[in-house]
Each structure stands twice: as structure tokens, then as C-alpha cells.
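input_16.txt (compact mmCIF, N, CA and C atoms and all ligand atoms)
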# COMPACT_ATOMS: atom_id res chain seq x y z
N MET X 2 0.84 -1.19 0.00
CA MET X 2 0.00 0.00 0.00
C MET X 2 0.88 1.24 0.00
N SER X 3 0.39 2.26 -0.64
CA SER X 3 1.19 3.48 -0.71
C SER X 3 0.97 4.32 0.54
N GLU X 4 1.79 5.32 0.69
CA GLU X 4 1.68 6.18 1.87
C GLU X 4 0.32 6.86 1.94
N ASP X 5 -0.21 7.22 0.74
CA ASP X 5 -1.46 7.98 0.71
C ASP X 5 -2.69 7.15 1.06
N ASP X 6 -2.67 5.88 0.64
CA ASP X 6 -3.92 5.12 0.79
C ASP X 6 -3.90 4.16 1.96
N GLU X 7 -2.89 4.21 2.79
CA GLU X 7 -2.79 3.21 3.85
C GLU X 7 -4.00 3.24 4.80
N ALA X 8 -4.48 4.42 5.08
CA ALA X 8 -5.66 4.49 5.95
C ALA X 8 -6.94 4.62 5.14
N ALA X 9 -6.89 5.30 3.99
CA ALA X 9 -8.10 5.52 3.19
C ALA X 9 -8.74 4.19 2.80
N ALA X 10 -7.95 3.22 2.39
CA ALA X 10 -8.50 1.93 1.98
C ALA X 10 -9.17 1.22 3.16
N TYR X 11 -8.60 1.42 4.33
CA TYR X 11 -9.19 0.84 5.55
C TYR X 11 -10.59 1.43 5.81
N TRP X 12 -10.68 2.77 5.76
CA TRP X 12 -11.96 3.42 6.02
C TRP X 12 -12.97 3.12 4.92
N GLU X 13 -12.52 3.04 3.68
CA GLU X 13 -13.42 2.73 2.57
C GLU X 13 -14.01 1.34 2.72
N ALA X 14 -13.16 0.38 3.11
CA ALA X 14 -13.65 -0.99 3.33
C ALA X 14 -14.69 -0.98 4.44
N ALA X 15 -14.40 -0.22 5.51
CA ALA X 15 -15.35 -0.14 6.63
C ALA X 15 -16.68 0.43 6.16
N SER X 16 -16.63 1.43 5.29
CA SER X 16 -17.89 2.02 4.81
C SER X 16 -18.67 1.05 3.94
N ASP X 17 -17.97 0.04 3.40
CA ASP X 17 -18.64 -1.01 2.63
C ASP X 17 -19.03 -2.20 3.52
N GLY X 18 -18.80 -2.07 4.83
CA GLY X 18 -19.20 -3.14 5.75
C GLY X 18 -18.19 -4.25 5.89
N THR X 19 -16.93 -3.95 5.58
CA THR X 19 -15.88 -4.96 5.68
C THR X 19 -14.75 -4.45 6.55
N LEU X 20 -14.34 -5.25 7.53
CA LEU X 20 -13.18 -4.91 8.34
C LEU X 20 -11.94 -5.54 7.70
N VAL X 21 -10.97 -4.71 7.40
CA VAL X 21 -9.72 -5.23 6.85
C VAL X 21 -8.58 -4.92 7.82
N VAL X 22 -7.57 -5.78 7.80
CA VAL X 22 -6.40 -5.57 8.65
C VAL X 22 -5.15 -5.76 7.79
N PRO X 23 -4.08 -5.06 8.12
CA PRO X 23 -2.85 -5.18 7.32
C PRO X 23 -2.13 -6.49 7.61
N GLU X 24 -1.63 -7.10 6.54
CA GLU X 24 -0.81 -8.31 6.66
C GLU X 24 0.49 -8.08 5.90
N CYS X 25 1.58 -8.46 6.54
CA CYS X 25 2.89 -8.31 5.91
C CYS X 25 3.11 -9.43 4.89
N ASN X 26 3.45 -9.05 3.67
CA ASN X 26 3.70 -10.06 2.63
C ASN X 26 5.08 -10.68 2.75
N ASP X 27 5.94 -10.10 3.58
CA ASP X 27 7.27 -10.66 3.79
C ASP X 27 7.26 -11.71 4.89
N CYS X 28 6.72 -11.38 6.06
CA CYS X 28 6.79 -12.30 7.20
C CYS X 28 5.43 -12.85 7.63
N GLY X 29 4.33 -12.34 7.04
CA GLY X 29 3.01 -12.87 7.34
C GLY X 29 2.36 -12.29 8.58
N PHE X 30 3.04 -11.34 9.23
CA PHE X 30 2.49 -10.79 10.47
C PHE X 30 1.26 -9.94 10.19
N VAL X 31 0.15 -10.26 10.88
CA VAL X 31 -1.08 -9.48 10.77
C VAL X 31 -1.11 -8.50 11.91
N HIS X 32 -1.34 -7.23 11.62
CA HIS X 32 -1.22 -6.22 12.66
C HIS X 32 -2.32 -5.18 12.54
N PHE X 33 -2.34 -4.28 13.47
CA PHE X 33 -3.28 -3.17 13.50
C PHE X 33 -2.62 -2.10 14.35
N TYR X 34 -2.67 -0.85 13.95
CA TYR X 34 -3.48 -0.13 13.01
C TYR X 34 -2.86 -0.19 11.61
N PRO X 35 -3.63 0.29 10.59
CA PRO X 35 -3.10 0.30 9.24
C PRO X 35 -1.84 1.17 9.11
N ARG X 36 -0.78 0.59 8.59
CA ARG X 36 0.44 1.36 8.33
C ARG X 36 1.24 0.64 7.25
N ARG X 37 2.12 1.39 6.66
CA ARG X 37 2.85 0.94 5.48
C ARG X 37 4.00 0.00 5.86
N THR X 38 4.50 0.14 7.08
CA THR X 38 5.66 -0.64 7.49
C THR X 38 5.24 -1.70 8.51
N CYS X 39 5.68 -2.94 8.28
CA CYS X 39 5.37 -4.04 9.20
C CYS X 39 6.09 -3.81 10.53
N PRO X 40 5.35 -3.82 11.65
CA PRO X 40 6.01 -3.59 12.94
C PRO X 40 6.84 -4.77 13.40
N GLU X 41 6.72 -5.91 12.73
CA GLU X 41 7.47 -7.11 13.13
C GLU X 41 8.83 -7.17 12.43
N CYS X 42 8.83 -7.01 11.09
CA CYS X 42 10.09 -7.17 10.35
C CYS X 42 10.54 -5.87 9.69
N LEU X 43 9.75 -4.81 9.82
CA LEU X 43 10.03 -3.50 9.25
C LEU X 43 10.03 -3.51 7.73
N GLY X 44 9.45 -4.57 7.14
CA GLY X 44 9.30 -4.61 5.69
C GLY X 44 8.21 -3.64 5.25
N ASN X 45 8.24 -3.27 3.96
CA ASN X 45 7.28 -2.30 3.44
C ASN X 45 6.27 -2.92 2.48
N ASP X 46 6.23 -4.25 2.43
CA ASP X 46 5.29 -4.92 1.53
C ASP X 46 4.09 -5.40 2.34
N VAL X 47 3.17 -4.50 2.54
CA VAL X 47 2.01 -4.76 3.40
C VAL X 47 0.74 -4.59 2.59
N SER X 48 -0.21 -5.51 2.72
CA SER X 48 -1.49 -5.33 2.06
C SER X 48 -2.61 -5.72 3.02
N PHE X 49 -3.82 -5.33 2.67
CA PHE X 49 -4.96 -5.62 3.54
C PHE X 49 -5.53 -7.00 3.27
N ILE X 50 -5.93 -7.68 4.34
CA ILE X 50 -6.73 -8.90 4.21
C ILE X 50 -8.06 -8.64 4.91
N GLU X 51 -9.07 -9.39 4.49
CA GLU X 51 -10.38 -9.24 5.10
C GLU X 51 -10.41 -9.98 6.43
N SER X 52 -10.82 -9.28 7.47
CA SER X 52 -10.95 -9.90 8.79
C SER X 52 -12.29 -10.62 8.87
N GLU X 53 -12.32 -11.67 9.69
CA GLU X 53 -13.61 -12.34 9.95
C GLU X 53 -14.56 -11.40 10.67
N GLY X 54 -13.99 -10.37 11.32
CA GLY X 54 -14.83 -9.42 12.05
C GLY X 54 -15.27 -9.93 13.40
N THR X 55 -14.60 -10.96 13.88
CA THR X 55 -14.92 -11.51 15.20
C THR X 55 -13.69 -11.43 16.08
N GLY X 56 -13.94 -11.44 17.38
CA GLY X 56 -12.83 -11.39 18.32
C GLY X 56 -13.33 -11.54 19.73
N THR X 57 -12.46 -11.25 20.69
CA THR X 57 -12.83 -11.33 22.10
C THR X 57 -12.43 -10.02 22.78
N VAL X 58 -13.15 -9.71 23.85
CA VAL X 58 -12.84 -8.51 24.64
C VAL X 58 -11.54 -8.78 25.40
N TYR X 59 -10.53 -7.97 25.12
CA TYR X 59 -9.23 -8.11 25.79
C TYR X 59 -9.21 -7.27 27.06
N SER X 60 -9.77 -6.06 26.96
CA SER X 60 -9.93 -5.20 28.14
C SER X 60 -11.02 -4.19 27.81
N PHE X 61 -11.57 -3.58 28.83
CA PHE X 61 -12.58 -2.55 28.59
C PHE X 61 -12.70 -1.64 29.80
N SER X 62 -13.26 -0.46 29.57
CA SER X 62 -13.62 0.42 30.67
C SER X 62 -14.91 1.14 30.28
N VAL X 63 -15.60 1.64 31.26
CA VAL X 63 -16.91 2.24 31.04
C VAL X 63 -16.87 3.70 31.45
N SER X 64 -17.36 4.57 30.58
CA SER X 64 -17.42 5.99 30.88
C SER X 64 -18.88 6.41 31.00
N GLN X 65 -19.23 6.99 32.13
CA GLN X 65 -20.61 7.45 32.34
C GLN X 65 -20.83 8.83 31.73
N GLN X 66 -19.73 9.55 31.45
CA GLN X 66 -19.86 10.84 30.78
C GLN X 66 -18.65 11.03 29.86
N ALA X 67 -18.92 11.69 28.74
CA ALA X 67 -17.86 11.97 27.78
C ALA X 67 -18.19 13.29 27.11
N ALA X 68 -17.26 14.23 27.17
CA ALA X 68 -17.50 15.57 26.63
C ALA X 68 -17.91 15.48 25.16
N GLY X 69 -19.03 16.10 24.83
CA GLY X 69 -19.46 16.15 23.45
C GLY X 69 -20.17 14.90 22.97
N TRP X 70 -20.26 13.91 23.83
CA TRP X 70 -20.89 12.65 23.41
C TRP X 70 -22.38 12.72 23.71
N PRO X 71 -23.23 12.25 22.77
CA PRO X 71 -24.67 12.34 23.02
C PRO X 71 -25.05 11.56 24.30
N GLU X 72 -25.85 12.22 25.12
CA GLU X 72 -26.19 11.63 26.43
C GLU X 72 -26.93 10.30 26.27
N ASP X 73 -27.73 10.20 25.20
CA ASP X 73 -28.49 8.95 25.04
C ASP X 73 -27.61 7.79 24.55
N ALA X 74 -26.35 8.11 24.23
CA ALA X 74 -25.42 7.05 23.81
C ALA X 74 -24.47 6.66 24.94
N LEU X 75 -24.78 7.12 26.14
CA LEU X 75 -23.98 6.77 27.31
C LEU X 75 -24.67 5.65 28.09
N PRO X 76 -23.98 4.87 28.88
CA PRO X 76 -22.54 4.90 29.07
C PRO X 76 -21.79 4.40 27.84
N LEU X 77 -20.58 4.87 27.72
CA LEU X 77 -19.72 4.51 26.59
C LEU X 77 -18.76 3.41 27.05
N ILE X 78 -18.71 2.34 26.30
CA ILE X 78 -17.82 1.23 26.65
C ILE X 78 -16.61 1.25 25.72
N TYR X 79 -15.48 1.68 26.26
CA TYR X 79 -14.22 1.63 25.51
C TYR X 79 -13.66 0.23 25.67
N ALA X 80 -13.14 -0.32 24.59
CA ALA X 80 -12.60 -1.68 24.71
C ALA X 80 -11.41 -1.88 23.80
N THR X 81 -10.58 -2.81 24.18
CA THR X 81 -9.59 -3.36 23.27
C THR X 81 -10.08 -4.76 22.92
N VAL X 82 -10.27 -4.97 21.62
CA VAL X 82 -10.75 -6.26 21.14
C VAL X 82 -9.61 -6.97 20.43
N GLU X 83 -9.42 -8.24 20.80
CA GLU X 83 -8.42 -9.06 20.11
C GLU X 83 -9.12 -9.78 18.98
N LEU X 84 -8.75 -9.46 17.76
CA LEU X 84 -9.39 -10.04 16.58
C LEU X 84 -9.00 -11.50 16.41
N ALA X 85 -9.85 -12.25 15.71
CA ALA X 85 -9.56 -13.66 15.43
C ALA X 85 -8.22 -13.81 14.71
N GLU X 86 -7.84 -12.78 13.92
CA GLU X 86 -6.57 -12.85 13.17
C GLU X 86 -5.36 -12.51 14.04
N GLY X 87 -5.61 -12.06 15.29
CA GLY X 87 -4.50 -11.82 16.20
C GLY X 87 -4.32 -10.41 16.71
N PRO X 88 -4.39 -9.40 15.84
CA PRO X 88 -4.11 -8.06 16.35
C PRO X 88 -5.23 -7.54 17.25
N ARG X 89 -4.86 -6.60 18.09
CA ARG X 89 -5.84 -5.97 18.99
C ARG X 89 -6.15 -4.58 18.48
N MET X 90 -7.41 -4.19 18.59
CA MET X 90 -7.80 -2.85 18.17
C MET X 90 -8.62 -2.17 19.25
N VAL X 91 -8.41 -0.87 19.38
CA VAL X 91 -9.18 -0.06 20.31
C VAL X 91 -10.49 0.32 19.62
N THR X 92 -11.60 0.13 20.34
CA THR X 92 -12.90 0.30 19.73
C THR X 92 -13.93 0.58 20.81
N ASN X 93 -15.18 0.52 20.45
CA ASN X 93 -16.27 0.63 21.42
C ASN X 93 -17.11 -0.63 21.35
N ILE X 94 -17.70 -0.99 22.49
CA ILE X 94 -18.70 -2.06 22.53
C ILE X 94 -20.06 -1.38 22.54
N VAL X 95 -20.93 -1.80 21.63
CA VAL X 95 -22.27 -1.22 21.55
C VAL X 95 -23.31 -2.32 21.73
N GLY X 96 -24.53 -1.89 22.03
CA GLY X 96 -25.63 -2.85 22.14
C GLY X 96 -25.49 -3.79 23.32
N ALA X 97 -24.79 -3.31 24.36
CA ALA X 97 -24.58 -4.16 25.53
C ALA X 97 -24.70 -3.32 26.79
N ASP X 98 -25.23 -3.92 27.83
CA ASP X 98 -25.22 -3.30 29.15
C ASP X 98 -23.81 -3.51 29.72
N PRO X 99 -23.17 -2.43 30.20
CA PRO X 99 -21.81 -2.58 30.73
C PRO X 99 -21.71 -3.68 31.79
N GLU X 100 -22.79 -3.89 32.52
CA GLU X 100 -22.78 -4.93 33.57
C GLU X 100 -22.62 -6.32 32.98
N ASP X 101 -22.99 -6.47 31.71
CA ASP X 101 -22.96 -7.79 31.08
C ASP X 101 -21.68 -8.04 30.28
N VAL X 102 -20.79 -7.04 30.23
CA VAL X 102 -19.56 -7.21 29.46
C VAL X 102 -18.46 -7.77 30.35
N SER X 103 -17.75 -8.77 29.85
CA SER X 103 -16.64 -9.36 30.58
C SER X 103 -15.46 -9.56 29.64
N ILE X 104 -14.28 -9.55 30.23
CA ILE X 104 -13.08 -9.88 29.46
C ILE X 104 -13.23 -11.30 28.94
N GLY X 105 -12.88 -11.50 27.67
CA GLY X 105 -12.99 -12.82 27.06
C GLY X 105 -14.30 -13.03 26.31
N ASP X 106 -15.26 -12.10 26.47
CA ASP X 106 -16.52 -12.23 25.73
C ASP X 106 -16.28 -12.22 24.22
N GLU X 107 -17.07 -13.03 23.51
CA GLU X 107 -16.99 -13.02 22.05
C GLU X 107 -17.80 -11.86 21.51
N VAL X 108 -17.21 -11.15 20.56
CA VAL X 108 -17.87 -9.99 19.96
C VAL X 108 -17.70 -10.04 18.44
N GLU X 109 -18.56 -9.30 17.76
CA GLU X 109 -18.44 -9.22 16.30
C GLU X 109 -18.61 -7.77 15.86
N VAL X 110 -18.00 -7.49 14.72
CA VAL X 110 -17.96 -6.11 14.26
C VAL X 110 -19.30 -5.68 13.67
N GLN X 111 -19.61 -4.42 13.83
CA GLN X 111 -20.63 -3.76 13.04
C GLN X 111 -20.11 -2.35 12.77
N PHE X 112 -20.79 -1.63 11.90
CA PHE X 112 -20.24 -0.36 11.45
C PHE X 112 -21.20 0.78 11.69
N GLU X 113 -20.67 1.86 12.22
CA GLU X 113 -21.48 3.05 12.42
C GLU X 113 -21.16 4.06 11.33
N GLU X 114 -22.21 4.47 10.64
CA GLU X 114 -22.05 5.46 9.57
C GLU X 114 -21.58 6.79 10.16
N THR X 115 -20.90 7.57 9.36
CA THR X 115 -20.50 8.92 9.77
C THR X 115 -21.00 9.89 8.71
N ASP X 116 -20.81 11.18 8.96
CA ASP X 116 -21.18 12.20 7.98
C ASP X 116 -20.15 12.31 6.87
N VAL X 117 -19.03 11.62 7.02
CA VAL X 117 -17.96 11.71 6.04
C VAL X 117 -18.13 10.59 5.01
N GLU X 118 -18.07 10.97 3.73
CA GLU X 118 -18.23 9.98 2.67
C GLU X 118 -17.10 8.94 2.74
N ASP X 119 -17.45 7.68 2.55
CA ASP X 119 -16.49 6.58 2.55
C ASP X 119 -15.78 6.38 3.88
N VAL X 120 -16.42 6.80 4.96
CA VAL X 120 -15.85 6.52 6.29
C VAL X 120 -16.96 5.99 7.20
N ALA X 121 -16.74 4.80 7.73
CA ALA X 121 -17.61 4.26 8.77
C ALA X 121 -16.71 3.75 9.90
N ILE X 122 -17.27 3.73 11.10
CA ILE X 122 -16.47 3.38 12.27
C ILE X 122 -16.78 1.95 12.71
N PRO X 123 -15.77 1.09 12.74
CA PRO X 123 -16.03 -0.27 13.25
C PRO X 123 -16.18 -0.26 14.78
N VAL X 124 -17.27 -0.83 15.23
CA VAL X 124 -17.52 -1.03 16.65
C VAL X 124 -17.88 -2.51 16.83
N PHE X 125 -17.97 -2.95 18.06
CA PHE X 125 -18.23 -4.38 18.28
C PHE X 125 -19.42 -4.57 19.19
N THR X 126 -20.11 -5.67 18.97
CA THR X 126 -21.28 -6.00 19.78
C THR X 126 -21.18 -7.46 20.20
N PRO X 127 -21.71 -7.79 21.38
CA PRO X 127 -21.60 -9.18 21.85
C PRO X 127 -22.26 -10.17 20.87
N VAL X 128 -21.64 -11.35 20.73
CA VAL X 128 -22.23 -12.42 19.95
C VAL X 128 -23.26 -13.11 20.84
N GLU X 129 -24.47 -13.22 20.35
CA GLU X 129 -25.55 -13.82 21.19
C GLU X 129 -25.33 -15.31 21.31
ZN ZN P 201 6.77 -8.37 8.35
Rewrite the coordinates I just gave you, this time as C-alpha cells.
Ligand SMILES: [Zn+2]
Amino acid sequence: MSEDDEAAAYWEAASDGTLVVPECNDCGFVHFYPRRTCPECLGNDVSFIESEGTGTVYSFSVSQQAAGWPEDALPLIYATVELAEGPRMVTNIVGADPEDVSIGDEVEVQFEETDVEDVAIPVFTPVE
């Protein structure tokens, strides 16, 4: 991926309902966040692969207030989710009561639309 499109392709895929993660074509390391250089071998041959969009809650915290955040969208659950492919991503858990969220819970991706064209935000919700 080129310097210009390393993040754009990620957001575009998200707006199409697909979570992609970077994979190193030299050493095979799958990582996150999107970047041109592999953090494992420092190679520059990185391309996106489609994630299954599933993972587990690695850690989380709950915020009862957040500046500028709509009150009806509180509490806000910040989480680090470990994807099935290995890398961990910082995200939000939605559609869940904070009392019911535990480390190790299985979650799956969904996407929240934004006002920006070709940009959607991946968030995660518990797998029933
Ligand atoms: Zn590598």
C-alpha cells in the first residue's frame, strides 16, 4: 500500500461493511493499526486482508460521561478487542449493558455510519 492510501482503503472498506487488517507479505504478520511498514520485520510490503470481524474482549472500561458525546449514547464502553486474526484494536462495545460485558466475551464487528463519505467506524457488539 502506498503512503497515501494506507488508511483511506481501511476506512473505505469499513464504509462497505468490511473490516480489513494489514498483513505483511514478507513475514506474514497481521497487525493493526493500518500502516505501510510491518512492525514485526520493518518490511514495506504490506497489504490488507479481510478480517472475519470476530474477536474477544481483551480489556474494557466504562465511561458514564464523555465531553461532546450524546447523552443517550452513554454509558460509553471503551474496549480493546483481540481479533480472530491476532491483532488488537481499540474500539467501542455497543448494544450491551456494561454490567454484562466481561473480558474474554466473544464480539463481532458492526459499522457506524458517519457524515464523512467513505468513512464508517467499526464497533463491536456481543455475539448472542
Ligand atoms: Zn513483516
Please report as CSV every residue of chain X lying within 10 Å of ligand ZN 201 (chain P), along with the nearest atom pair and their distance in Å (one decimal), using only C-alpha atoms and all ligand atoms.
residue,atom,partner,partner_atom,distance
X:Glu24,CA,P:ZN201,ZN,7.8
X:Cys25,CA,P:ZN201,ZN,4.6
X:Asn26,CA,P:ZN201,ZN,6.7
X:Asp27,CA,P:ZN201,ZN,5.1
X:Cys28,CA,P:ZN201,ZN,4.1
X:Gly29,CA,P:ZN201,ZN,6.0
X:Phe30,CA,P:ZN201,ZN,5.4
X:Val31,CA,P:ZN201,ZN,8.3
X:His32,CA,P:ZN201,ZN,9.3
X:Thr38,CA,P:ZN201,ZN,7.9
X:Cys39,CA,P:ZN201,ZN,4.6
X:Pro40,CA,P:ZN201,ZN,6.7
X:Glu41,CA,P:ZN201,ZN,5.0
X:Cys42,CA,P:ZN201,ZN,4.1
X:Leu43,CA,P:ZN201,ZN,5.9
X:Gly44,CA,P:ZN201,ZN,5.3
X:Asn45,CA,P:ZN201,ZN,7.8
X:Asp46,CA,P:ZN201,ZN,7.8
X:Val47,CA,P:ZN201,ZN,7.8
Which residues of region 58-118 of chain X come within 12 Å of region 50-53 of chain X, and what is each one's closest atom pair and distance in Å (one decimal), counting only C-alpha atoms, sorted by chain and residue number, as a tab-separated table?
residue	atom	partner	partner_atom	distance
X:Glu83	CA	X:Ser52	CA	11.6
X:Leu84	CA	X:Ser52	CA	7.9
X:Ala85	CA	X:Glu53	CA	6.9
X:Glu86	CA	X:Ser52	CA	6.9
X:Gly87	CA	X:Ser52	CA	10.0
X:Pro88	CA	X:Ser52	CA	10.4
X:Val108	CA	X:Glu53	CA	11.1
X:Glu109	CA	X:Glu53	CA	8.6
X:Val110	CA	X:Glu53	CA	8.7
X:Gln111	CA	X:Glu53	CA	11.5
How about saving the chosen residues, N, CA and C atoms kept, as a JSON list (two decimals), keeping the file's coordinate frame?
[["chain", "number", "residue", "atom", "x", "y", "z"],
["X", 83, "GLU", "N", -9.42, -8.24, 20.80],
["X", 83, "GLU", "CA", -8.42, -9.06, 20.11],
["X", 83, "GLU", "C", -9.12, -9.78, 18.98],
["X", 84, "LEU", "N", -8.75, -9.46, 17.76],
["X", 84, "LEU", "CA", -9.39, -10.04, 16.58],
["X", 84, "LEU", "C", -9.00, -11.50, 16.41],
["X", 85, "ALA", "N", -9.85, -12.25, 15.71],
["X", 85, "ALA", "CA", -9.56, -13.66, 15.43],
["X", 85, "ALA", "C", -8.22, -13.81, 14.71],
["X", 86, "GLU", "N", -7.84, -12.78, 13.92],
["X", 86, "GLU", "CA", -6.57, -12.85, 13.17],
["X", 86, "GLU", "C", -5.36, -12.51, 14.04],
["X", 87, "GLY", "N", -5.61, -12.06, 15.29],
["X", 87, "GLY", "CA", -4.50, -11.82, 16.20],
["X", 87, "GLY", "C", -4.32, -10.41, 16.71],
["X", 88, "PRO", "N", -4.39, -9.40, 15.84],
["X", 88, "PRO", "CA", -4.11, -8.06, 16.35],
["X", 88, "PRO", "C", -5.23, -7.54, 17.25],
["X", 108, "VAL", "N", -17.21, -11.15, 20.56],
["X", 108, "VAL", "CA", -17.87, -9.99, 19.96],
["X", 108, "VAL", "C", -17.70, -10.04, 18.44],
["X", 109, "GLU", "N", -18.56, -9.30, 17.76],
["X", 109, "GLU", "CA", -18.44, -9.22, 16.30],
["X", 109, "GLU", "C", -18.61, -7.77, 15.86],
["X", 110, "VAL", "N", -18.00, -7.49, 14.72],
["X", 110, "VAL", "CA", -17.96, -6.11, 14.26],
["X", 110, "VAL", "C", -19.30, -5.68, 13.67],
["X", 111, "GLN", "N", -19.61, -4.42, 13.83],
["X", 111, "GLN", "CA", -20.63, -3.76, 13.04],
["X", 111, "GLN", "C", -20.11, -2.35, 12.77]]
### Task
Could you check which of X:Ile94, X:Val58, X:Val128, X:Val63 is closest to Glu113 (chain X), using only C-alpha atoms?
X:Ile94
### Message
Under the rule that only C-alpha atoms are counted, which of X:Leu20, X:Val102, X:Val120, X:Ala10 is the nearest residue to Ile78 (chain X)?
### Response
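Distance minimum relative to Ile78 (chain X) lands on X:Val102.
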### Contact residues around Leu77 (chain X) with only N, CA and C atoms at 8 Å, ignoring same-chain residues under 6 positions, as a list of chain:residue names
X:Ser62, X:Val63, X:Ser64, X:Gln65, X:Gln66, X:Ala67, X:Asn93, X:Ile94, X:Val95, X:Pro99
#### Entry: Non-local contacts of Asp17 (chain X) (10 Å; only C-alpha atoms; under 5 positions in same chain excluded) as a count of residues only
5
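Going from atom N of Val22 (chain X) over to atom N of Phe49 (chain X), you cover 6.4 Å.
Between CA of Thr81 (chain X) and atom C of Asp106 (chain X) the separation is 11.1 Å.
In this model, the gap between CA of Val124 (chain X) and CA of Ala80 (chain X) comes to 9.5 Å.
Nearest residue to Pro76 (chain X) among X:Gly54, X:Arg36, X:Gly96, X:Ile122 is X:Gly96, counting only C-alpha atoms.
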### Task
Mind listing the alpha helix (DSSP H) residues of chain X, per DSSP on the backbone, as a PyMOL selection string?
chain X and resi 9-16
### Message
Ranking X:Phe125, X:Thr57, X:Ala68, X:Asp116 by minimum distance to Ile104 (chain X) and counting all atoms listed in the file, which one comes first?
### Response
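Going through X:Phe125, X:Thr57, X:Ala68, X:Asp116 one by one, the smallest distance to Ile104 (chain X) is for X:Thr57.
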Applying 9 Å and only C-alpha atoms, which residues near Ala8 (chain X) remain after dropping the ones on its own chain fewer than 5 positions away? List them as a tab-separated table (two decimals) with N, CA and C atoms, in the coordinates of the input.
chain	number	residue	atom	x	y	z
X	13	GLU	N	-12.52	3.04	3.68
X	13	GLU	CA	-13.42	2.73	2.57
X	13	GLU	C	-14.01	1.34	2.72
X	34	TYR	N	-2.67	-0.85	13.95
X	34	TYR	CA	-3.48	-0.13	13.01
X	34	TYR	C	-2.86	-0.19	11.61
X	35	PRO	N	-3.63	0.29	10.59
X	35	PRO	CA	-3.10	0.30	9.24
X	35	PRO	C	-1.84	1.17	9.11
X	36	ARG	N	-0.78	0.59	8.59
X	36	ARG	CA	0.44	1.36	8.33
X	36	ARG	C	1.24	0.64	7.25
### Query
Running DSSP on the backbone, which parts of chain X land in strand (DSSP E), as an NGL selection string?
:X and (21-25 or 47-51 or 55-64 or 77-84 or 89-94 or 107-114 or 121-127)
